[in-house]
Amino acid sequence: MKVLEDTETLRFSFNYNFQKVDSIDELLSVLFVYQAFIQGDGQVVGLKLPPAPTSEVERDIERSINVLEQDE
């Protein structure tokens, strides 16, 4: 986590090792958490964070979630 005092913002990231995924359900859970933060539904210490700008990576993740949900 990084606090940017000059702009009064907080920047953080979380990482997940996809090589340790044991099931599609586990993969979907990780992608849902990531997607929640991108869409502005993520919370840190009880505070809801604003949505992040959407990039092609986020659109690819959303498409991946849709494909994985259909395969279940």
# chains A, B, ... in the order shown; residues from 1 in each chain; ligands from 1

$ select_by_dssp --residues "chain A" --states "helix (DSSP H, G or I)" --output "ChimeraX atom specification"
/A:18-20,24-39,56-71

$ closest_atom_pairs --of "range 16-48 of chain A" --to "range 56-69 of chain A" --cutoff "9 Å" --atoms "only C-alpha atoms" --output "tab-separated table"
residue	atom	partner	partner_atom	distance
A:Ile24	CA	A:Leu68	CA	7.1
A:Asp25	CA	A:Leu68	CA	8.8
A:Leu27	CA	A:Leu68	CA	8.8
A:Leu28	CA	A:Ile65	CA	6.5
A:Leu31	CA	A:Ile65	CA	7.0
A:Phe32	CA	A:Ile65	CA	7.9
A:Tyr34	CA	A:Ile61	CA	8.9
A:Gln35	CA	A:Glu62	CA	7.4
A:Ile38	CA	A:Glu58	CA	7.6

$ select_by_dssp --residues "chain A" --states "strand (DSSP E)" --output "number ranges by chain"
A: 2-4, 9-11, 43-44, 47-48

$ write_last_selection --atoms "N, CA, C and O atoms" --output "mmCIF file, in the first residue's frame"
data_model
loop_
_atom_site.group_PDB
_atom_site.id
_atom_site.type_symbol
_atom_site.label_atom_id
_atom_site.label_comp_id
_atom_site.auth_asym_id
_atom_site.auth_seq_id
_atom_site.Cartn_x
_atom_site.Cartn_y
_atom_site.Cartn_z
ATOM 1 N N LYS A 2 0.472 2.237 -0.735
ATOM 2 C CA LYS A 2 1.263 3.448 -0.841
ATOM 3 C C LYS A 2 0.348 4.657 -0.660
ATOM 4 O O LYS A 2 -0.682 4.755 -1.329
ATOM 5 N N VAL A 3 0.705 5.544 0.265
ATOM 6 C CA VAL A 3 -0.054 6.769 0.487
ATOM 7 C C VAL A 3 0.637 7.891 -0.275
ATOM 8 O O VAL A 3 1.827 8.133 -0.091
ATOM 9 N N LEU A 4 -0.125 8.540 -1.126
ATOM 10 C CA LEU A 4 0.397 9.663 -1.897
ATOM 11 C C LEU A 4 -0.143 10.939 -1.267
ATOM 12 O O LEU A 4 -1.229 11.405 -1.607
ATOM 13 N N THR A 9 -4.187 10.630 -2.022
ATOM 14 C CA THR A 9 -4.725 9.373 -2.534
ATOM 15 C C THR A 9 -3.985 8.197 -1.914
ATOM 16 O O THR A 9 -2.920 8.346 -1.340
ATOM 17 N N LEU A 10 -4.600 7.046 -2.048
ATOM 18 C CA LEU A 10 -4.044 5.799 -1.542
ATOM 19 C C LEU A 10 -3.963 4.839 -2.711
ATOM 20 O O LEU A 10 -4.922 4.677 -3.465
ATOM 21 N N ARG A 11 -2.831 4.220 -2.878
ATOM 22 C CA ARG A 11 -2.659 3.273 -3.979
ATOM 23 C C ARG A 11 -2.256 1.929 -3.376
ATOM 24 O O ARG A 11 -1.376 1.847 -2.537
ATOM 25 N N GLN A 43 -14.063 -2.653 -0.836
ATOM 26 C CA GLN A 43 -13.965 -1.897 0.408
ATOM 27 C C GLN A 43 -12.645 -2.180 1.098
ATOM 28 O O GLN A 43 -12.153 -3.300 1.076
ATOM 29 N N VAL A 44 -12.084 -1.139 1.703
ATOM 30 C CA VAL A 44 -10.891 -1.260 2.524
ATOM 31 C C VAL A 44 -11.220 -0.588 3.852
ATOM 32 O O VAL A 44 -11.673 0.551 3.875
ATOM 33 N N LEU A 47 -14.458 1.239 4.049
ATOM 34 C CA LEU A 47 -14.711 2.356 3.146
ATOM 35 C C LEU A 47 -14.772 1.856 1.703
ATOM 36 O O LEU A 47 -13.864 1.181 1.232
ATOM 37 N N LYS A 48 -15.864 2.191 1.039
ATOM 38 C CA LYS A 48 -16.025 1.797 -0.355
ATOM 39 C C LYS A 48 -15.145 2.689 -1.225
ATOM 40 O O LYS A 48 -15.115 3.907 -1.056
#

$ atom_distance --atom1 "CA of Gly46 in chain A" --atom2 "CA of Asn15 in chain A"
20.5 Å

$ atom_distance --atom1 "CA of Phe12 in chain A" --atom2 "CA of Gly42 in chain A"
12.1 Å

$ atom_distance --atom1 "CA of Thr54 in chain A" --atom2 "CA of Asp41 in chain A"
13.9 Å

$ closest_residue --among "A:Asp6, A:Ser13, A:Ser55, A:Val21" --to "Phe37 in chain A" --atoms "only C-alpha atoms"
A:Ser13
